[in-house]
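What follows is coords17.txt (compact mmCIF, C-alpha atoms).
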# COMPACT_ATOMS: atom_id res chain seq x y z
CA MET A 1 102.34 11.81 -0.32
CA SER A 2 105.00 9.11 0.16
CA ARG A 3 104.06 5.49 -0.34
CA VAL A 4 103.14 3.28 2.60
CA PHE A 5 104.22 -0.01 0.98
CA SER A 6 106.88 -1.21 -1.43
CA ALA A 7 106.10 -4.01 -3.91
CA THR A 8 103.56 -6.43 -2.37
CA GLU A 9 104.22 -6.64 1.35
CA VAL A 10 103.04 -9.30 3.79
CA ILE A 11 101.21 -8.26 6.96
CA GLY A 12 100.76 -10.90 9.66
CA HIS A 13 97.08 -10.90 10.68
CA ARG A 14 96.91 -10.44 14.47
CA GLY A 15 100.54 -11.58 14.44
CA ALA A 16 101.09 -15.04 12.95
CA GLY A 17 97.39 -15.46 12.14
CA ARG A 18 93.99 -15.62 13.76
CA GLY A 19 93.35 -18.06 16.58
CA VAL A 20 96.30 -20.18 17.64
CA VAL A 21 99.06 -20.79 15.09
CA ASP A 22 101.80 -23.28 16.03
CA GLY A 23 101.04 -22.71 19.70
CA ALA A 24 101.07 -18.90 19.52
CA ARG A 25 97.76 -17.19 20.30
CA GLU A 26 96.77 -14.17 18.22
CA ASN A 27 97.56 -10.66 19.47
CA THR A 28 100.35 -11.81 21.77
CA PRO A 29 104.11 -11.18 21.76
CA ALA A 30 104.70 -14.84 20.86
CA SER A 31 102.48 -14.49 17.79
CA PHE A 32 104.21 -11.27 16.73
CA ALA A 33 107.63 -12.91 17.06
CA ALA A 34 106.45 -15.90 15.01
CA ALA A 35 105.14 -13.62 12.25
CA VAL A 36 108.43 -11.76 12.01
CA ALA A 37 110.43 -15.00 12.04
CA SER A 38 108.28 -16.29 9.17
CA GLY A 39 109.04 -13.28 7.00
CA ALA A 40 106.23 -10.81 7.65
CA ASP A 41 107.05 -7.23 6.64
CA TRP A 42 104.38 -5.87 8.99
CA VAL A 43 102.41 -7.06 12.01
CA GLU A 44 98.76 -6.20 12.51
CA ILE A 45 97.44 -5.68 16.04
CA ASP A 46 93.91 -5.12 17.39
CA VAL A 47 93.63 -2.38 20.02
CA ARG A 48 90.80 -1.94 22.57
CA ARG A 49 90.36 0.18 25.68
CA THR A 50 89.62 -1.04 29.18
CA ALA A 51 87.39 0.36 31.92
CA ASP A 52 90.38 2.17 33.44
CA ASP A 53 91.54 3.68 30.14
CA GLU A 54 94.36 1.30 29.34
CA LEU A 55 94.85 -0.25 25.91
CA VAL A 56 94.97 -4.00 25.40
CA LEU A 57 95.36 -6.24 22.38
CA TYR A 58 92.24 -8.23 21.57
CA HIS A 59 90.06 -8.67 18.50
CA ASN A 60 86.60 -9.37 19.89
CA ALA A 61 84.50 -7.01 22.00
CA ALA A 62 84.12 -9.63 24.74
CA LEU A 63 86.03 -12.51 26.27
CA ASP A 64 84.82 -16.04 25.62
CA ASP A 65 82.99 -15.92 28.96
CA GLY A 66 80.95 -12.91 27.79
CA ARG A 67 82.65 -10.18 29.79
CA MET A 68 83.08 -7.01 27.72
CA ILE A 69 86.65 -5.74 27.47
CA VAL A 70 85.54 -2.14 27.99
CA ASP A 71 83.95 -3.17 31.32
CA LEU A 72 87.13 -4.81 32.64
CA SER A 73 90.16 -3.23 34.25
CA ALA A 74 93.60 -3.66 32.74
CA GLU A 75 94.46 -6.01 35.61
CA GLU A 76 91.39 -8.16 34.88
CA CYS A 77 92.41 -8.28 31.23
CA ARG A 78 95.94 -9.35 32.17
CA ALA A 79 94.49 -12.08 34.40
CA ALA A 80 92.51 -13.29 31.38
CA GLY A 81 95.73 -13.56 29.38
CA LEU A 82 95.48 -10.39 27.28
CA ALA A 83 98.63 -8.47 26.40
CA GLY A 84 98.83 -4.74 26.96
CA LEU A 85 99.67 -2.43 24.09
CA ALA A 86 103.09 -1.48 25.47
CA GLU A 87 104.01 -5.16 25.94
CA GLY A 88 102.95 -5.95 22.41
CA LEU A 89 104.83 -3.06 20.83
CA ALA A 90 108.00 -4.00 22.68
CA ALA A 91 107.86 -7.45 21.03
CA ILE A 92 107.80 -6.11 17.47
CA PRO A 93 111.26 -5.21 16.10
CA ALA A 94 111.68 -1.60 15.00
CA GLY A 95 112.37 -2.74 11.44
CA THR A 96 108.95 -4.38 11.20
CA GLY A 97 105.98 -2.28 10.15
CA LEU A 98 103.00 -1.81 12.48
CA ASP A 99 99.39 -2.02 11.29
CA VAL A 100 97.08 -0.81 14.08
CA ASP A 101 93.44 -1.92 13.79
CA VAL A 102 91.53 0.37 16.14
CA LYS A 103 88.47 -1.28 17.66
CA THR A 104 86.22 1.51 18.90
CA VAL A 105 83.40 0.82 21.35
CA MET A 106 79.89 2.19 21.72
CA GLU A 107 80.99 4.04 24.85
CA ASP A 108 83.33 6.17 22.74
CA ALA A 109 80.19 8.00 21.61
CA VAL A 110 79.32 9.26 25.11
CA ASP A 111 82.50 9.24 27.20
CA ALA A 112 84.77 12.27 27.45
CA PRO A 113 86.83 12.79 24.26
CA SER A 114 90.03 12.15 26.20
CA ARG A 115 88.80 8.63 27.07
CA ARG A 116 87.98 7.58 23.52
CA THR A 117 89.96 4.68 22.15
CA VAL A 118 91.65 6.73 19.45
CA SER A 119 92.54 9.50 21.94
CA LEU A 120 94.25 7.03 24.26
CA LEU A 121 96.10 5.56 21.29
CA MET A 122 97.38 8.84 19.84
CA PRO A 123 100.56 9.23 21.98
CA HIS A 124 101.58 5.65 21.15
CA LEU A 125 101.05 6.28 17.45
CA ARG A 126 103.27 9.34 17.47
CA ARG A 127 106.05 7.49 19.29
CA GLU A 128 105.86 4.48 16.99
CA ALA A 129 105.79 6.64 13.85
CA ALA A 130 109.11 8.13 14.92
CA ARG A 131 110.80 4.71 14.90
CA ARG A 132 109.02 2.52 12.36
CA ARG A 133 106.53 2.43 9.52
CA VAL A 134 103.00 2.65 10.92
CA PHE A 135 99.50 2.89 9.55
CA VAL A 136 96.07 2.83 11.17
CA CYS A 137 93.08 0.96 9.82
CA SER A 138 89.56 0.90 11.17
CA PHE A 139 85.96 0.15 10.34
CA ASP A 140 85.16 3.44 12.13
CA PRO A 141 85.58 6.49 9.85
CA GLY A 142 85.77 8.71 12.93
CA VAL A 143 89.04 7.05 13.91
CA LEU A 144 90.53 7.78 10.52
CA THR A 145 89.61 11.47 10.61
CA ALA A 146 90.87 11.75 14.19
CA VAL A 147 94.25 10.27 13.23
CA ARG A 148 94.46 12.45 10.14
CA ASP A 149 93.91 15.55 12.31
CA GLY A 150 95.87 14.49 15.41
CA ALA A 151 98.77 12.55 13.91
CA PRO A 152 98.96 13.53 10.24
CA GLU A 153 102.30 11.75 9.87
CA VAL A 154 100.49 8.40 10.33
CA PRO A 155 98.78 7.06 7.17
CA THR A 156 95.23 5.74 7.47
CA ALA A 157 93.36 2.92 5.75
CA TRP A 158 89.59 2.81 5.29
CA MET A 159 88.54 -0.75 6.05
CA PRO A 160 84.98 -1.51 4.94
CA PHE A 161 83.10 -4.54 6.19
CA VAL A 162 83.18 -8.13 4.98
CA ARG A 163 82.14 -8.44 1.33
CA ASN A 164 81.62 -4.67 1.13
CA PRO A 165 81.11 -3.66 -2.54
CA LEU A 166 84.41 -2.49 -3.95
CA ASP A 167 82.77 0.53 -5.59
CA GLN A 168 82.00 2.01 -2.18
CA ALA A 169 85.29 0.86 -0.67
CA VAL A 170 87.50 2.62 -3.22
CA ALA A 171 85.39 5.76 -3.50
CA GLY A 172 84.93 5.90 0.27
CA ALA A 173 88.67 5.78 0.96
CA VAL A 174 89.18 8.71 -1.41
CA GLY A 175 86.35 10.62 0.22
CA LEU A 176 87.81 10.08 3.68
CA GLY A 177 91.24 11.25 2.53
CA CYS A 178 92.91 7.90 3.30
CA PRO A 179 95.99 6.92 1.31
CA VAL A 180 95.11 3.22 1.68
CA VAL A 181 91.97 1.17 1.15
CA ALA A 182 91.93 -2.18 2.99
CA VAL A 183 89.36 -4.61 1.67
CA ASP A 184 88.19 -8.11 2.50
CA VAL A 185 89.34 -10.67 -0.07
CA ARG A 186 85.76 -11.93 -0.38
CA SER A 187 84.79 -8.60 -1.93
CA PHE A 188 86.67 -9.73 -5.05
CA GLY A 189 84.72 -12.98 -5.37
CA LEU A 190 87.83 -15.00 -6.17
CA THR A 191 86.40 -18.21 -4.74
CA GLY A 192 83.03 -19.43 -3.61
CA ASP A 193 80.79 -16.54 -4.62
CA GLY A 194 81.29 -16.96 -8.35
CA SER A 195 80.71 -14.18 -10.84
CA LEU A 196 78.33 -11.42 -9.78
CA PRO A 197 76.86 -8.78 -12.12
CA GLY A 198 78.78 -5.53 -11.91
CA ARG A 199 81.86 -6.96 -10.20
CA ARG A 200 85.02 -5.71 -11.90
CA PRO A 201 88.10 -7.85 -12.52
CA VAL A 202 90.81 -7.68 -9.87
CA ALA A 203 93.34 -5.96 -12.12
CA TYR A 204 90.80 -3.31 -13.13
CA THR A 205 89.94 -2.57 -9.50
CA VAL A 206 93.56 -2.34 -8.37
CA ASP A 207 94.50 -0.13 -11.32
CA LEU A 208 91.58 2.21 -10.67
CA ALA A 209 92.50 2.48 -6.98
CA HIS A 210 96.06 3.34 -7.98
CA ARG A 211 94.84 5.94 -10.47
CA ALA A 212 92.79 7.44 -7.63
CA GLY A 213 96.00 7.80 -5.62
CA LEU A 214 95.29 4.88 -3.28
CA GLU A 215 97.34 1.92 -2.25
CA MET A 216 95.38 -1.29 -1.70
CA ALA A 217 95.71 -3.85 1.08
CA VAL A 218 93.62 -7.00 1.03
CA TRP A 219 92.85 -8.92 4.19
CA CYS A 220 92.66 -12.67 4.66
CA PRO A 221 93.57 -14.12 1.25
CA ASP A 222 95.03 -17.60 1.27
CA PRO A 223 98.51 -17.99 -0.26
CA ALA A 224 97.21 -18.74 -3.75
CA GLU A 225 94.86 -15.77 -3.65
CA ALA A 226 97.68 -13.58 -2.32
CA ALA A 227 99.85 -14.48 -5.31
CA LEU A 228 97.01 -13.67 -7.72
CA LEU A 229 96.43 -10.34 -5.99
CA ALA A 230 100.13 -9.51 -6.04
CA GLU A 231 100.28 -10.20 -9.77
CA ALA A 232 97.41 -7.71 -10.16
CA GLY A 233 99.44 -5.09 -8.29
CA VAL A 234 97.92 -5.19 -4.79
CA ASP A 235 100.26 -3.37 -2.42
CA ALA A 236 99.87 -5.50 0.71
CA VAL A 237 98.12 -8.63 1.93
CA VAL A 238 97.05 -9.24 5.54
CA VAL A 239 97.31 -12.98 6.03
CA ASP A 240 96.81 -15.84 8.46
CA ASP A 241 99.47 -18.01 6.82
CA VAL A 242 102.63 -15.91 6.76
CA PRO A 243 105.17 -18.56 5.68
CA GLY A 244 102.79 -19.96 3.05
CA THR A 245 102.15 -16.50 1.63
CA VAL A 246 105.83 -15.56 1.60
CA ALA A 247 106.60 -18.76 -0.30
CA ALA A 248 103.73 -18.19 -2.75
CA LEU A 249 104.89 -14.65 -3.52
CA GLU A 250 108.50 -15.74 -3.94
CA GLY A 251 107.42 -18.55 -6.26
CA SER A 252 105.10 -16.54 -8.48
CA PRO A 253 106.66 -16.27 -11.99
CA ALA A 254 104.91 -12.94 -12.61
CA LEU A 255 106.64 -11.42 -9.59
CA GLN A 256 110.18 -12.49 -10.42
CA PRO A 257 112.65 -9.70 -11.37
Spit out the file's structure as structure tokens when you get a sec.
Amino acid sequence: MSRVFSATEVIGHRGAGRGVVDGARENTPASFAAAVASGADWVEIDVRRTADDELVLYHNAALDDGRMIVDLSAEECRAAGLAGLAEGLAAIPAGTGLDVDVKTVMEDAVDAPSRRTVSLLMPHLRREAARRRVFVCSFDPGVLTAVRDGAPEVPTAWMPFVRNPLDQAVAGAVGLGCPVVAVDVRSFGLTGDGSLPGRRPVAYTVDLAHRAGLEMAVWCPDPAEAALLAEAGVDAVVVDDVPGTVAALEGSPALQP
């Protein structure tokens, strides 16, 4: 299987970063453009379905006022300021990679298969894969198996939950047949948590994942953590500070040619 990443690549988290970064709100064309301008190799987007089977870009299940995205029409989502998937994709240059975080909903368990979030996404994935590098990540293993079966040309990344033990993360990605494992930086315990019994060093974990045939992406490290991870051989970092991370990677002595 061909590699997804080259060296340590920078993925802009929800565009230029979560929340509002320099006036650009996450999961919007403005945020995507800012991420690319700051040097991101990839842009990550969050995809959800609406009540009328459209796809919009939003991280949380509900708006700040409590209305669930899956209960709203695409027009109601637009009125609330959400970007549609097509609008978002058009704002990302073809030379920039696309990381699609698929946010399934409880209703996907009971609605017709054709209405499921991943089913609605599949045609977009195939089109994007023909013009750019793409991979799909999700907390939902069902999404990953559906993409593997329906769009085998699109790599998948198993994304366990926050602070998920790395033992299960790495073994689980192999078991699911994913070429990438995407883990929360807090699973490494680099800061705050301190040393925990049974936690392996970063370099050991990355090397083992590579020996298992996986590439590893780590989400939400700060620039200093991203440099440390890159020195250990991590393949990609999903970050909220794109320019800071780019500078940290360029300035790391261990990463110089």
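Comparing the minimum interatomic distances between Ala203 (chain A) and each of A:Gly233, A:Gly95, A:Gly172, A:Gly66, counting all atoms listed in the file, we find that A:Gly233 sits nearest.
A search radius of 10 Å centred on (101.3, -9.2, 29.8), applied to all atoms listed in the file, returns the residues Thr28, Pro29, Val56, Leu57, Ala74, Glu75, Cys77, Arg78, Ala79, Ala80, Gly81, Leu82, Ala83, Gly84, Leu85, Ala86, Glu87 and Gly88 of chain A.
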>> Give me the residues near region 133-135 of chain A as a list in words, where near means some atom within 8 Å (using all atoms listed in the file) and where sequence neighbours in that chain fewer than 5 positions away do not count.
In response: Val4, Thr96, Gly97, Leu98, Asp99, Val100, Leu125, Glu128, Val154, Pro155, Thr156 and Ala157 of chain A
>> Report as a ChimeraX atom specification all protein, DNA and RNA residues lying within 12 Å of Gly198 (chain A), evaluated on all atoms listed in the file, omitting residues in the same chain fewer than 4 positions from it.
In response: /A:165-167,188-189,205
What does the file look like for those residues with C-alpha atoms, as a compact mmCIF listing (two decimals), keeping the file's coordinate frame?
# COMPACT_ATOMS: atom_id res chain seq x y z
CA PRO A 165 81.11 -3.66 -2.54
CA LEU A 166 84.41 -2.49 -3.95
CA ASP A 167 82.77 0.53 -5.59
CA PHE A 188 86.67 -9.73 -5.05
CA GLY A 189 84.72 -12.98 -5.37
CA THR A 205 89.94 -2.57 -9.50
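Taking CA of Ala182 (chain A) and CA of Arg126 (chain A) as endpoints, the distance between them is 21.7 Å.
Across the model, the gap from CA of Arg67 (chain A) to CA of Asn27 (chain A) is 18.1 Å.
Coordinates place CA of Met159 (chain A) at a distance of 11.7 Å from CA of Pro179 (chain A).
For the set A:Leu249, A:Gly175, A:Asp241, A:Leu214, the residue with the smallest atom-to-atom gap to Ala227 (chain A) is A:Leu249, counting only C-alpha atoms.
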>> Using only C-alpha atoms, which protein or nucleic acid residues come within 9 Å of Asp140 (chain A)? Drop anything in the same chain fewer than 4 positions from it, and give the result as a ChimeraX atom specification.
In response: /A:102-104,144,158-160
> Leaving out Ala217 (chain A) and any residue of its chain fewer than 5 positions from it, which residues lie within 8 Å of it when counting all atoms listed in the file, given as a count of residues only?
Replying inline: 9
Residues within 8 Å of Ala61 (chain A), only C-alpha atoms, excluding chain neighbours under 3 positions, as a PDB file with C-alpha atoms, keeping the file's coordinate frame:
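The resulting file, part-v4.pdb, is shown below:
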ATOM      1  CA  TYR A  58      92.240  -8.230  21.570  1.00  0.00           C
ATOM      2  CA  MET A  68      83.080  -7.010  27.720  1.00  0.00           C
ATOM      3  CA  ILE A  69      86.650  -5.740  27.470  1.00  0.00           C
ATOM      4  CA  VAL A  70      85.540  -2.140  27.990  1.00  0.00           C
ATOM      5  CA  VAL A 105      83.400   0.820  21.350  1.00  0.00           C
TER       6      VAL A 105
END
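For the residues A:Gly19, A:Gly213, A:Pro93, A:Gly142, ranking by smallest atom-to-atom distance to Val43 (chain A) using all atoms listed in the file places A:Pro93 first.
Minimum distance to Val239 (chain A) across A:Ile92, A:Ala62, A:Ala24, A:Ala40 (counting all atoms listed in the file) occurs at A:Ala40.
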Could you write out as lines of an AutoDock Vina configuration file the box around region 99-110 of chain A (axis-aligned, all atoms listed in the file, 6 Å on each side), with centre and edge lengths in Å to one decimal?
center_x = 89.4
center_y = 3.6
center_z = 18.2
size_x = 32.1
size_y = 23.3
size_z = 25.8
> With all atoms listed in the file as the atoms that count, which of A:Ser114, A:Met216, A:His13, A:Ser252 lies nearest to Glu231 (chain A)?
Replying inline: A:Ser252
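When only C-alpha atoms are used to compute distances to Val136 (chain A), the closest of the residues A:Val47, A:Ala112, A:Val36, A:Leu72 turns out to be A:Val47.
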